[in-house]
file work_1.pdb (PDB, C-alpha atoms)
ATOM      1  CA  MET A 219     121.959   1.420-134.844
ATOM      2  CA  PHE A 220     120.568  -0.273-131.707
ATOM      3  CA  VAL A 221     123.276  -2.939-131.831
ATOM      4  CA  MET A 222     125.963  -0.274-132.183
ATOM      5  CA  VAL A 223     124.622   1.650-129.170
ATOM      6  CA  VAL A 224     124.515  -1.488-127.001
ATOM      7  CA  ALA A 225     128.026  -2.447-128.093
ATOM      8  CA  ALA A 226     129.326   1.027-127.307
ATOM      9  CA  ALA A 227     127.716   0.926-123.870
ATOM     10  CA  ALA A 228     129.256  -2.467-123.177
ATOM     11  CA  CYS A 229     132.676  -1.202-124.190
ATOM     12  CA  GLY A 230     132.221   1.769-121.886
ATOM     13  CA  ARG A 231     131.511  -0.506-118.955
ATOM     14  CA  LYS A 232     134.573  -2.628-119.639
ATOM     15  CA  SER A 233     136.812   0.431-119.733
ATOM     16  CA  ASP A 234     135.816   1.157-116.113
ATOM     17  CA  GLN A 235     137.284  -2.155-114.953
ATOM     18  CA  ARG A 236     140.763  -2.392-113.507
ATOM     19  CA  THR A 237     142.433  -5.717-112.766
ATOM     20  CA  TYR A 238     144.963  -6.347-109.987
ATOM     21  CA  GLN A 239     146.752  -9.368-108.573
ATOM     22  CA  LEU A 240     146.322  -9.999-104.855
ATOM     23  CA  GLN A 241     148.445 -12.273-102.666
ATOM     24  CA  GLY A 242     147.624 -12.855 -99.035
ATOM     25  CA  GLN A 243     146.214 -14.999 -96.252
ATOM     26  CA  VAL A 244     142.555 -15.719 -95.568
ATOM     27  CA  LEU A 245     141.661 -14.647 -92.031
ATOM     28  CA  SER A 246     137.945 -15.403 -92.052
ATOM     29  CA  ILE A 247     135.128 -16.428 -94.368
ATOM     30  CA  ALA A 248     131.482 -15.292 -94.327
ATOM     31  CA  ALA A 249     129.926 -17.563 -96.925
ATOM     32  CA  PRO A 250     126.326 -16.234 -96.605
ATOM     33  CA  GLN A 251     127.617 -12.742 -97.475
ATOM     34  CA  LYS A 252     129.971 -14.133-100.173
ATOM     35  CA  GLN A 253     132.803 -12.428 -98.337
ATOM     36  CA  LEU A 254     136.265 -13.260 -97.030
ATOM     37  CA  THR A 255     138.728 -11.171 -95.072
ATOM     38  CA  VAL A 256     142.268 -11.234 -96.432
ATOM     39  CA  LYS A 257     145.525  -9.929 -94.989
ATOM     40  CA  HIS A 258     147.363  -9.167 -98.205
ATOM     41  CA  GLU A 259     150.599  -7.790 -99.536
ATOM     42  CA  GLU A 260     150.861  -4.502-101.420
ATOM     43  CA  ILE A 261     148.624  -4.399-104.476
ATOM     44  CA  LYS A 262     150.812  -2.497-106.895
ATOM     45  CA  GLY A 263     149.098   0.506-108.379
ATOM     46  CA  LEU A 264     146.211   0.376-105.907
ATOM     47  CA  MET A 265     147.043   0.132-102.203
ATOM     48  CA  PRO A 266     149.718  -0.815 -99.682
ATOM     49  CA  ALA A 267     149.553  -4.006 -97.621
ATOM     50  CA  MET A 268     146.245  -4.139 -95.745
ATOM     51  CA  THR A 269     143.688  -6.356 -94.115
ATOM     52  CA  MET A 270     140.380  -5.970 -95.922
ATOM     53  CA  PRO A 271     137.120  -7.838 -96.530
ATOM     54  CA  TYR A 272     136.515  -8.739-100.166
ATOM     55  CA  THR A 273     133.405 -10.089-101.846
ATOM     56  CA  VAL A 274     133.017 -12.664-104.587
ATOM     57  CA  ARG A 275     130.203 -12.845-107.108
ATOM     58  CA  ASP A 276     130.553 -16.613-107.506
ATOM     59  CA  GLU A 277     130.165 -18.290-104.108
ATOM     60  CA  LYS A 278     131.832 -21.412-105.517
ATOM     61  CA  LEU A 279     135.140 -19.567-105.204
ATOM     62  CA  LEU A 280     134.857 -19.930-101.419
ATOM     63  CA  ALA A 281     134.415 -23.699-101.532
ATOM     64  CA  GLY A 282     137.290 -25.489 -99.813
ATOM     65  CA  LEU A 283     138.832 -22.321 -98.388
ATOM     66  CA  THR A 284     139.590 -22.135 -94.668
ATOM     67  CA  PRO A 285     141.153 -19.470 -92.428
ATOM     68  CA  GLY A 286     144.921 -19.624 -92.740
ATOM     69  CA  ASP A 287     144.942 -20.437 -96.455
ATOM     70  CA  LEU A 288     147.460 -18.552 -98.568
ATOM     71  CA  ILE A 289     145.914 -17.384-101.824
ATOM     72  CA  ASP A 290     146.622 -15.759-105.160
ATOM     73  CA  ALA A 291     143.571 -13.881-106.428
ATOM     74  CA  THR A 292     142.430 -11.537-109.157
ATOM     75  CA  LEU A 293     140.816  -8.337-107.872
ATOM     76  CA  ILE A 294     138.427  -6.460-110.149
ATOM     77  CA  VAL A 295     137.841  -2.798-109.292
ATOM     78  CA  GLU A 296     134.996  -0.940-110.992
ATOM     79  CA  THR A 297     133.611   2.535-110.533
ATOM     80  CA  ASP A 298     131.242   1.466-107.758
ATOM     81  CA  ASP A 299     132.268  -2.091-106.926
ATOM     82  CA  ALA A 300     135.222  -4.359-106.169
ATOM     83  CA  TYR A 301     135.311  -8.151-106.020
ATOM     84  CA  LEU A 302     137.584 -11.173-106.394
ATOM     85  CA  ARG A 303     137.105 -12.902-109.725
ATOM     86  CA  THR A 304     139.526 -15.793-109.188
ATOM     87  CA  ILE A 305     141.012 -17.364-106.063
ATOM     88  CA  LYS A 306     143.776 -19.971-106.065
ATOM     89  CA  LYS A 307     144.951 -21.646-102.864
ATOM     90  CA  VAL A 308     148.755 -21.839-102.845
ATOM     91  CA  GLY A 309     149.493 -22.893 -99.265
ATOM     92  CA  GLN A 310     148.603 -22.728 -95.592
ATOM     93  CA  ALA A 311     150.129 -20.907 -92.600
ATOM     94  CA  PRO A 312     149.214 -20.483 -88.919
ATOM     95  CA  LEU A 313     147.103 -17.441 -88.166
ATOM     96  CA  GLU A 314     148.514 -14.775 -85.915
ATOM     97  CA  ALA A 315     146.970 -14.901 -82.464
ATOM     98  CA  PRO A 316     144.553 -11.974 -81.990
ATOM     99  CA  PRO A 317     145.210  -9.631 -79.069
ATOM    100  CA  PRO A 318     143.195 -10.436 -75.952
ATOM    101  CA  GLU A 319     139.921  -8.527 -75.780
ATOM    102  CA  ALA A 320     138.474  -6.991 -72.670
ATOM    103  CA  SER A 321     135.045  -8.126 -71.622
ATOM    104  CA  GLY A 322     132.039  -5.972 -72.428
ATOM    105  CA  PRO A 323     131.413  -3.380 -75.143
ATOM    106  CA  VAL A 324     134.823  -1.714 -75.124
ATOM    107  CA  ALA A 325     136.332   0.092 -78.109
ATOM    108  CA  ARG A 326     139.815  -0.682 -79.361
ATOM    109  CA  SER A 327     141.267   2.314 -77.541
ATOM    110  CA  GLY A 328     139.830   1.141 -74.239
ATOM    111  CA  PHE A 329     136.919   3.593 -74.233
ATOM    112  CA  GLU A 330     133.431   2.188 -73.835
ATOM    113  CA  LEU A 331     131.259   2.157 -76.918
ATOM    114  CA  LEU A 332     128.478   4.695 -76.917
ATOM    115  CA  LYS A 333     125.010   3.306 -76.351
ATOM    116  CA  PRO A 334     121.810   4.787 -77.812
ATOM    117  CA  GLY A 335     120.711   7.682 -75.631
ATOM    118  CA  GLU A 336     124.209   8.543 -74.439
ATOM    119  CA  GLU A 337     125.716  11.949 -75.116
ATOM    120  CA  VAL A 338     128.308  12.156 -77.893
ATOM    121  CA  PRO A 339     131.674  13.565 -76.696
ATOM    122  CA  ASP A 340     132.225  17.239 -77.458
ATOM    123  CA  THR A 341     135.447  16.697 -79.402
ATOM    124  CA  LYS A 342     137.210  19.590 -81.120
ATOM    125  CA  PHE A 343     137.707  19.485 -84.913
ATOM    126  CA  VAL A 344     138.707  21.675 -87.847
ATOM    127  CA  ASP A 345     136.339  21.919 -90.815
ATOM    128  CA  GLN A 346     137.025  22.108 -94.559
ATOM    129  CA  ASP A 347     137.368  25.895 -94.309
ATOM    130  CA  GLY A 348     139.982  25.694 -91.556
ATOM    131  CA  ARG A 349     137.560  26.838 -88.871
ATOM    132  CA  LYS A 350     137.656  25.282 -85.407
ATOM    133  CA  ARG A 351     134.504  23.277 -84.677
ATOM    134  CA  SER A 352     133.376  21.446 -81.570
ATOM    135  CA  PHE A 353     130.866  18.672 -82.064
ATOM    136  CA  SER A 354     128.453  20.562 -79.820
ATOM    137  CA  ALA A 355     128.198  23.169 -82.607
ATOM    138  CA  PHE A 356     125.759  20.790 -84.340
ATOM    139  CA  ARG A 357     123.344  20.800 -81.393
ATOM    140  CA  GLY A 358     119.837  21.609 -82.534
ATOM    141  CA  SER A 359     120.260  19.640 -85.748
ATOM    142  CA  PRO A 360     119.978  15.869 -86.158
ATOM    143  CA  VAL A 361     123.297  14.606 -87.564
ATOM    144  CA  VAL A 362     124.199  11.694 -89.816
ATOM    145  CA  MET A 363     127.923  11.086 -89.419
ATOM    146  CA  THR A 364     130.421   8.747 -91.063
ATOM    147  CA  PHE A 365     134.197   8.196 -90.952
ATOM    148  CA  ILE A 366     136.441   8.001 -94.028
ATOM    149  CA  TYR A 367     139.779   8.937 -95.522
ATOM    150  CA  THR A 368     139.945  10.461 -98.971
ATOM    151  CA  ARG A 369     142.657   8.141-100.335
ATOM    152  CA  CYS A 370     140.664   4.991 -99.538
ATOM    153  CA  PRO A 371     141.129   2.857-102.682
ATOM    154  CA  LEU A 372     138.165   0.469-102.623
ATOM    155  CA  PRO A 373     134.885   1.813-104.054
ATOM    156  CA  THR A 374     132.858  -0.312-101.623
ATOM    157  CA  PHE A 375     134.418   1.357 -98.570
ATOM    158  CA  CYS A 376     134.934   5.101 -98.008
ATOM    159  CA  PRO A 377     133.894   6.086-101.549
ATOM    160  CA  LEU A 378     130.597   4.272-100.997
ATOM    161  CA  MET A 379     129.998   6.291 -97.827
ATOM    162  CA  ASP A 380     130.651   9.434 -99.881
ATOM    163  CA  ARG A 381     128.190   8.335-102.579
ATOM    164  CA  HIS A 382     125.525   7.487 -99.996
ATOM    165  CA  PHE A 383     125.849  10.905 -98.359
ATOM    166  CA  ALA A 384     125.781  12.638-101.739
ATOM    167  CA  ALA A 385     122.599  10.735-102.607
ATOM    168  CA  MET A 386     120.924  11.878 -99.366
ATOM    169  CA  GLN A 387     121.390  15.579-100.030
ATOM    170  CA  LYS A 388     118.431  16.024-102.374
ATOM    171  CA  PRO A 389     115.790  14.123-100.323
ATOM    172  CA  LEU A 390     116.961  15.903 -97.162
ATOM    173  CA  LYS A 391     116.511  19.242 -98.879
ATOM    174  CA  GLU A 392     113.106  18.358-100.300
ATOM    175  CA  ASP A 393     111.575  16.883 -97.119
ATOM    176  CA  PRO A 394     110.470  19.665 -94.729
ATOM    177  CA  ALA A 395     110.527  17.214 -91.808
ATOM    178  CA  LEU A 396     114.252  16.625 -92.388
ATOM    179  CA  GLY A 397     115.185  20.190 -93.205
ATOM    180  CA  LYS A 398     117.489  20.551 -90.200
ATOM    181  CA  VAL A 399     119.396  17.275 -90.693
ATOM    182  CA  HIS A 400     123.127  17.825 -91.132
ATOM    183  CA  LEU A 401     125.648  15.454 -92.741
ATOM    184  CA  VAL A 402     129.091  15.170 -91.160
ATOM    185  CA  THR A 403     132.091  13.334 -92.605
ATOM    186  CA  VAL A 404     135.083  12.864 -90.289
ATOM    187  CA  SER A 405     138.484  11.968 -91.766
ATOM    188  CA  PHE A 406     140.755   9.766 -89.651
ATOM    189  CA  ASP A 407     143.752  10.639 -91.872
ATOM    190  CA  PRO A 408     144.379  14.252 -90.837
ATOM    191  CA  LYS A 409     147.998  14.211 -92.054
ATOM    192  CA  THR A 410     146.775  13.948 -95.637
ATOM    193  CA  ASP A 411     143.204  15.195 -95.324
ATOM    194  CA  THR A 412     143.958  18.805 -94.513
ATOM    195  CA  PRO A 413     141.164  21.402 -94.791
ATOM    196  CA  PRO A 414     142.086  22.296 -98.419
ATOM    197  CA  VAL A 415     142.093  18.599 -99.363
ATOM    198  CA  LEU A 416     138.714  18.094 -97.721
ATOM    199  CA  LYS A 417     137.301  21.162 -99.450
ATOM    200  CA  LYS A 418     138.482  19.853-102.814
ATOM    201  CA  HIS A 419     137.028  16.443-101.954
ATOM    202  CA  ALA A 420     133.709  18.088-101.073
ATOM    203  CA  LYS A 421     133.677  19.839-104.437
ATOM    204  CA  THR A 422     134.140  16.553-106.318
ATOM    205  CA  LEU A 423     131.082  15.227-104.463
ATOM    206  CA  ASN A 424     128.990  18.338-105.223
ATOM    207  CA  ALA A 425     128.557  18.685-101.487
ATOM    208  CA  ASP A 426     126.305  21.467-100.244
ATOM    209  CA  LEU A 427     128.524  22.787 -97.460
ATOM    210  CA  SER A 428     125.577  24.453 -95.771
ATOM    211  CA  ARG A 429     124.238  20.950 -95.084
ATOM    212  CA  TRP A 430     127.331  18.717 -95.247
ATOM    213  CA  THR A 431     130.468  19.402 -93.182
ATOM    214  CA  PHE A 432     133.868  17.704 -93.502
ATOM    215  CA  LEU A 433     135.998  17.515 -90.362
ATOM    216  CA  THR A 434     139.624  16.800 -89.507
ATOM    217  CA  GLY A 435     141.759  17.624 -86.496
ATOM    218  CA  ASP A 436     144.186  16.033 -84.073
ATOM    219  CA  ARG A 437     144.719  12.380 -85.035
ATOM    220  CA  ASP A 438     144.639  11.003 -81.486
ATOM    221  CA  GLU A 439     141.518  12.992 -80.640
ATOM    222  CA  ILE A 440     139.789  11.736 -83.782
ATOM    223  CA  ASP A 441     140.802   8.147 -83.031
ATOM    224  CA  ARG A 442     139.355   8.391 -79.530
ATOM    225  CA  PHE A 443     136.159   9.982 -80.836
ATOM    226  CA  ALA A 444     135.730   7.428 -83.630
ATOM    227  CA  SER A 445     136.398   4.502 -81.323
ATOM    228  CA  ARG A 446     133.346   5.429 -79.235
ATOM    229  CA  PHE A 447     131.240   4.520 -82.287
ATOM    230  CA  GLY A 448     133.094   1.260 -82.879
ATOM    231  CA  VAL A 449     135.501   2.532 -85.536
ATOM    232  CA  SER A 450     138.739   0.520 -85.489
ATOM    233  CA  ILE A 451     141.743   2.188 -87.138
ATOM    234  CA  ALA A 452     145.182   0.604 -87.503
ATOM    235  CA  ARG A 453     148.112   2.356 -89.155
ATOM    236  CA  ALA A 454     151.348   0.642 -90.176
ATOM    237  CA  MET A 455     154.407   2.055 -88.420
ATOM    238  CA  ASN A 456     156.515   1.933 -91.593
ATOM    239  CA  ASP A 457     153.919   3.197 -94.069
ATOM    240  CA  PRO A 458     151.340   5.857 -93.142
ATOM    241  CA  ARG A 459     149.388   4.974 -96.308
ATOM    242  CA  ASP A 460     148.651   1.571 -94.800
ATOM    243  CA  ILE A 461     145.384   2.242 -92.959
ATOM    244  CA  THR A 462     143.221  -0.711 -92.031
ATOM    245  CA  HIS A 463     139.771   0.275 -90.817
ATOM    246  CA  ASN A 464     136.154  -0.736 -90.536
ATOM    247  CA  LEU A 465     133.055   1.332 -91.294
ATOM    248  CA  ARG A 466     130.575   2.950 -88.950
ATOM    249  CA  THR A 467     127.845   5.494 -89.679
ATOM    250  CA  ALA A 468     125.735   7.053 -86.954
ATOM    251  CA  ILE A 469     122.618   9.104 -86.386
ATOM    252  CA  VAL A 470     122.945  11.646 -83.562
ATOM    253  CA  GLY A 471     119.858  13.417 -82.310
ATOM    254  CA  ALA A 472     119.395  17.168 -82.163
ATOM    255  CA  ASP A 473     120.080  16.873 -78.427
ATOM    256  CA  GLY A 474     123.575  15.534 -79.108
ATOM    257  CA  ARG A 475     122.755  11.975 -78.024
ATOM    258  CA  LEU A 476     123.388   8.842 -80.039
ATOM    259  CA  VAL A 477     120.352   7.406 -81.809
ATOM    260  CA  LYS A 478     121.716   4.568 -83.929
ATOM    261  CA  VAL A 479     124.936   3.127 -85.415
ATOM    262  CA  TYR A 480     125.076   1.322 -88.767
ATOM    263  CA  ILE A 481     127.794  -1.304 -89.034
ATOM    264  CA  GLY A 482     129.702  -1.809 -92.279
ATOM    265  CA  ASN A 483     128.592  -0.776 -95.751
ATOM    266  CA  GLU A 484     125.291  -2.610 -96.176
ATOM    267  CA  TRP A 485     123.042   0.275 -95.148
ATOM    268  CA  SER A 486     121.311   2.359 -97.805
ATOM    269  CA  PRO A 487     120.396   6.055 -98.000
ATOM    270  CA  ASP A 488     116.704   5.091 -98.028
ATOM    271  CA  GLN A 489     117.168   3.158 -94.790
ATOM    272  CA  VAL A 490     118.804   6.117 -93.064
ATOM    273  CA  LEU A 491     116.150   8.519 -94.342
ATOM    274  CA  ALA A 492     113.417   6.218 -93.033
ATOM    275  CA  ASP A 493     115.131   6.012 -89.639
ATOM    276  CA  LEU A 494     115.475   9.775 -89.542
ATOM    277  CA  ARG A 495     111.775  10.213 -90.250
ATOM    278  CA  SER A 496     110.612   7.632 -87.709
ATOM    279  CA  VAL A 497     113.109   8.275 -84.923
ATOM    280  CA  VAL A 498     114.632  11.730 -85.182
ATOM    281  CA  ALA A 499     112.167  13.935 -87.017
ATOM    282  CA  PRO A 500     109.190  13.322 -84.686
ATOM    283  CA  SER A 501     111.275  14.313 -81.698
TER     284      SER A 501
END
call {"tool": "encode", "arguments": {"input": "work_1.pdb", "output": "structure tokens"}}
result
Amino acid sequence: MFVMVVAAAACGRKSDQRTYQLQGQVLSIAAPQKQLTVKHEEIKGLMPAMTMPYTVRDEKLLAGLTPGDLIDATLIVETDDAYLRTIKKVGQAPLEAPPPEASGPVARSGFELLKPGEEVPDTKFVDQDGRKRSFSAFRGSPVVMTFIYTRCPLPTFCPLMDRHFAAMQKPLKEDPALGKVHLVTVSFDPKTDTPPVLKKHAKTLNADLSRWTFLTGDRDEIDRFASRFGVSIARAMNDPRDITHNLRTAIVGADGRLVKVYIGNEWSPDQVLADLRSVVAPS
């Protein structure tokens, strides 16, 4: 009986795996993180052409690779993970020259990045119920905020931010010191992520809408707002589904001033909760 149960569980795990073929060019390699950034063609059945960082479980796959290499790879997508299982170098090509960057901490849009202690812009949004919301409406409550779009295909990107926020709901509710903390998810794909779509998305996450708000609004306004936190968003002119972005999550104090920004997807709910207790709650 034990063997049958283990076998059934193993079969269940395998059924969660999806396999895709990826063709693209290596832009950069971060060997210590077992990660490489690839500008790739459309992955049929998963996503349009994008530039994305991908991880490998076997660091030997990165041996001999250099920026500019053209690769064929096998992408494995699981419920809560995605990684390259095989990588084959098939050629080499010059890298596109990056656009010149301005000196200093300037966001892609030209706006300066917010520094801890600075006031967050009072941008206007629309919430999942279609109600107009200004960011100042959250004054009086510490806020944990992240940026996503609901069609994001990789489980280690936007869906991971969703899972992290969902995991924080219970400890926030149970800790009296964090009782006023509010979760805010901002979509940078307002054409698709309309209020009804966001409300449906919230339902799939079992989001407590008294504590977790989903926002959309004018695309340019959202881009400007997000860029102040270091969010970089690029959309293909010929395919609105093609959204290349990075990840940023922020803590904003009850006074509306920035406390901290987490870069990428390596932060954990426990880390944010600890920061809230040590930095925000005492104030």
call {"tool": "atom_distance", "arguments": {"input": "work_1.pdb", "atom1": "CA of Leu390 in chain A", "atom2": "CA of Pro371 in chain A"}}
result
28.0 Å
call {"tool": "resolve_selection", "arguments": {"input": "work_1.pdb", "expression": "the PyMOL selection byres ((chain A and resi 402) around 6)", "output": "number ranges by chain"}}
result
A: 363, 401, 403, 430-432
call {"tool": "resolve_selection", "arguments": {"input": "work_1.pdb", "expression": "the PyMOL selection byres ((chain A and resi 243) around 7)", "output": "list in words"}}
result
Gly242, Val244, Leu245, Val256, Lys257, His258, Gly286, Asp287, Leu288 and Ile289 of chain A
call {"tool": "atom_distance", "arguments": {"input": "work_1.pdb", "atom1": "CA of Val295 in chain A", "atom2": "CA of Met386 in chain A"}}
result
24.5 Å
call {"tool": "residues_around", "arguments": {"input": "work_1.pdb", "residues": "range 467-475 of chain A", "least_positions_apart": "3", "cutoff": "10 Å", "atoms": "only C-alpha atoms", "output": "MDAnalysis selection string"}}
result
chainID A and resid 332:340 353:366 379 398:403 447:449 478:483 485 490 493:494 497:499 501
call {"tool": "resolve_selection", "arguments": {"input": "work_1.pdb", "expression": "the PyMOL selection byres ((chain A and resi 304-306) around 6)", "output": "ChimeraX atom specification"}}
result
/A:289-292,302-303,307
call {"tool": "write_last_selection", "arguments": {"input": "work_1.pdb", "atoms": "C-alpha atoms", "output": "PDB file, in the coordinates of the input"}}
result
ATOM      1  CA  ILE A 289     145.914 -17.384-101.824  1.00  0.00           C
ATOM      2  CA  ASP A 290     146.622 -15.759-105.160  1.00  0.00           C
ATOM      3  CA  ALA A 291     143.571 -13.881-106.428  1.00  0.00           C
ATOM      4  CA  THR A 292     142.430 -11.537-109.157  1.00  0.00           C
ATOM      5  CA  LEU A 302     137.584 -11.173-106.394  1.00  0.00           C
ATOM      6  CA  ARG A 303     137.105 -12.902-109.725  1.00  0.00           C
ATOM      7  CA  LYS A 307     144.951 -21.646-102.864  1.00  0.00           C
TER       8      LYS A 307
END
call {"tool": "closest_residue", "arguments": {"input": "work_1.pdb", "among": "A:Ala315, A:Val404, A:Leu331, A:Leu427", "to": "Ala384 in chain A", "atoms": "all atoms listed in the file"}}
result
A:Leu427
call {"tool": "closest_residue", "arguments": {"input": "work_1.pdb", "among": "A:Pro408, A:Pro389, A:Gly263, A:Pro413", "to": "Gln346 in chain A", "atoms": "only C-alpha atoms"}}
result
A:Pro413
call {"tool": "closest_residue", "arguments": {"input": "work_1.pdb", "among": "A:Gln387, A:Thr368, A:Gln251, A:Ser450", "to": "Asp426 in chain A", "atoms": "only C-alpha atoms"}}
result
A:Gln387
call {"tool": "residues_near_point", "arguments": {"input": "work_1.pdb", "point": "(136.2, 0.3, -103.9)", "cutoff": "9 Å", "atoms": "all atoms listed in the file", "output": "PDB file with C-alpha atoms, in the frame of the given file"}}
result
ATOM      1  CA  VAL A 295     137.841  -2.798-109.292  1.00  0.00           C
ATOM      2  CA  GLU A 296     134.996  -0.940-110.992  1.00  0.00           C
ATOM      3  CA  THR A 297     133.611   2.535-110.533  1.00  0.00           C
ATOM      4  CA  ASP A 298     131.242   1.466-107.758  1.00  0.00           C
ATOM      5  CA  ASP A 299     132.268  -2.091-106.926  1.00  0.00           C
ATOM      6  CA  ALA A 300     135.222  -4.359-106.169  1.00  0.00           C
ATOM      7  CA  TYR A 301     135.311  -8.151-106.020  1.00  0.00           C
ATOM      8  CA  CYS A 370     140.664   4.991 -99.538  1.00  0.00           C
ATOM      9  CA  PRO A 371     141.129   2.857-102.682  1.00  0.00           C
ATOM     10  CA  LEU A 372     138.165   0.469-102.623  1.00  0.00           C
ATOM     11  CA  PRO A 373     134.885   1.813-104.054  1.00  0.00           C
ATOM     12  CA  THR A 374     132.858  -0.312-101.623  1.00  0.00           C
ATOM     13  CA  PHE A 375     134.418   1.357 -98.570  1.00  0.00           C
ATOM     14  CA  CYS A 376     134.934   5.101 -98.008  1.00  0.00           C
ATOM     15  CA  PRO A 377     133.894   6.086-101.549  1.00  0.00           C
ATOM     16  CA  LEU A 378     130.597   4.272-100.997  1.00  0.00           C
TER      17      LEU A 378
END
call {"tool": "decode", "arguments": {"input": "work_1.pdb", "residues": "range 300-315 of chain A", "atoms": "N, CA and C atoms", "output": "short mmCIF file (atom, residue, chain, number, x, y, z; two decimals), in the first residue's frame"}}
result
data_model
loop_
_atom_site.label_atom_id
_atom_site.label_comp_id
_atom_site.auth_asym_id
_atom_site.auth_seq_id
_atom_site.Cartn_x
_atom_site.Cartn_y
_atom_site.Cartn_z
N ALA A 300 10.06 27.02 -12.69
CA ALA A 300 10.39 26.92 -14.11
C ALA A 300 11.90 26.94 -14.23
N TYR A 301 12.45 26.07 -15.07
CA TYR A 301 13.91 26.00 -15.21
C TYR A 301 14.26 25.37 -16.56
N LEU A 302 15.51 25.59 -17.00
CA LEU A 302 16.00 24.98 -18.22
C LEU A 302 16.65 23.65 -17.87
N ARG A 303 16.20 22.60 -18.53
CA ARG A 303 16.73 21.27 -18.25
C ARG A 303 17.89 20.91 -19.17
N THR A 304 17.84 21.40 -20.41
CA THR A 304 18.94 21.18 -21.35
C THR A 304 19.24 22.48 -22.07
N ILE A 305 20.50 22.69 -22.41
CA ILE A 305 20.92 23.85 -23.18
C ILE A 305 21.94 23.38 -24.22
N LYS A 306 21.69 23.71 -25.48
CA LYS A 306 22.62 23.35 -26.55
C LYS A 306 23.02 24.61 -27.30
N LYS A 307 24.32 24.89 -27.35
CA LYS A 307 24.81 26.04 -28.11
C LYS A 307 24.78 25.71 -29.59
N VAL A 308 24.14 26.60 -30.38
CA VAL A 308 24.02 26.33 -31.82
C VAL A 308 24.67 27.43 -32.67
N GLY A 309 25.22 28.45 -32.02
CA GLY A 309 25.86 29.52 -32.79
C GLY A 309 26.21 30.70 -31.92
N GLN A 310 26.63 31.78 -32.56
CA GLN A 310 27.02 33.00 -31.86
C GLN A 310 26.62 34.18 -32.70
N ALA A 311 26.21 35.30 -32.08
CA ALA A 311 25.83 36.50 -32.81
C ALA A 311 26.15 37.72 -31.95
N PRO A 312 26.47 38.85 -32.58
CA PRO A 312 26.76 40.06 -31.79
C PRO A 312 25.55 40.47 -30.96
N LEU A 313 25.80 40.95 -29.78
CA LEU A 313 24.72 41.46 -28.93
C LEU A 313 24.31 42.85 -29.38
N GLU A 314 23.03 43.13 -29.27
CA GLU A 314 22.57 44.48 -29.56
C GLU A 314 23.14 45.44 -28.53
N ALA A 315 23.55 46.62 -29.00
CA ALA A 315 24.10 47.61 -28.08
C ALA A 315 22.99 48.14 -27.18
#
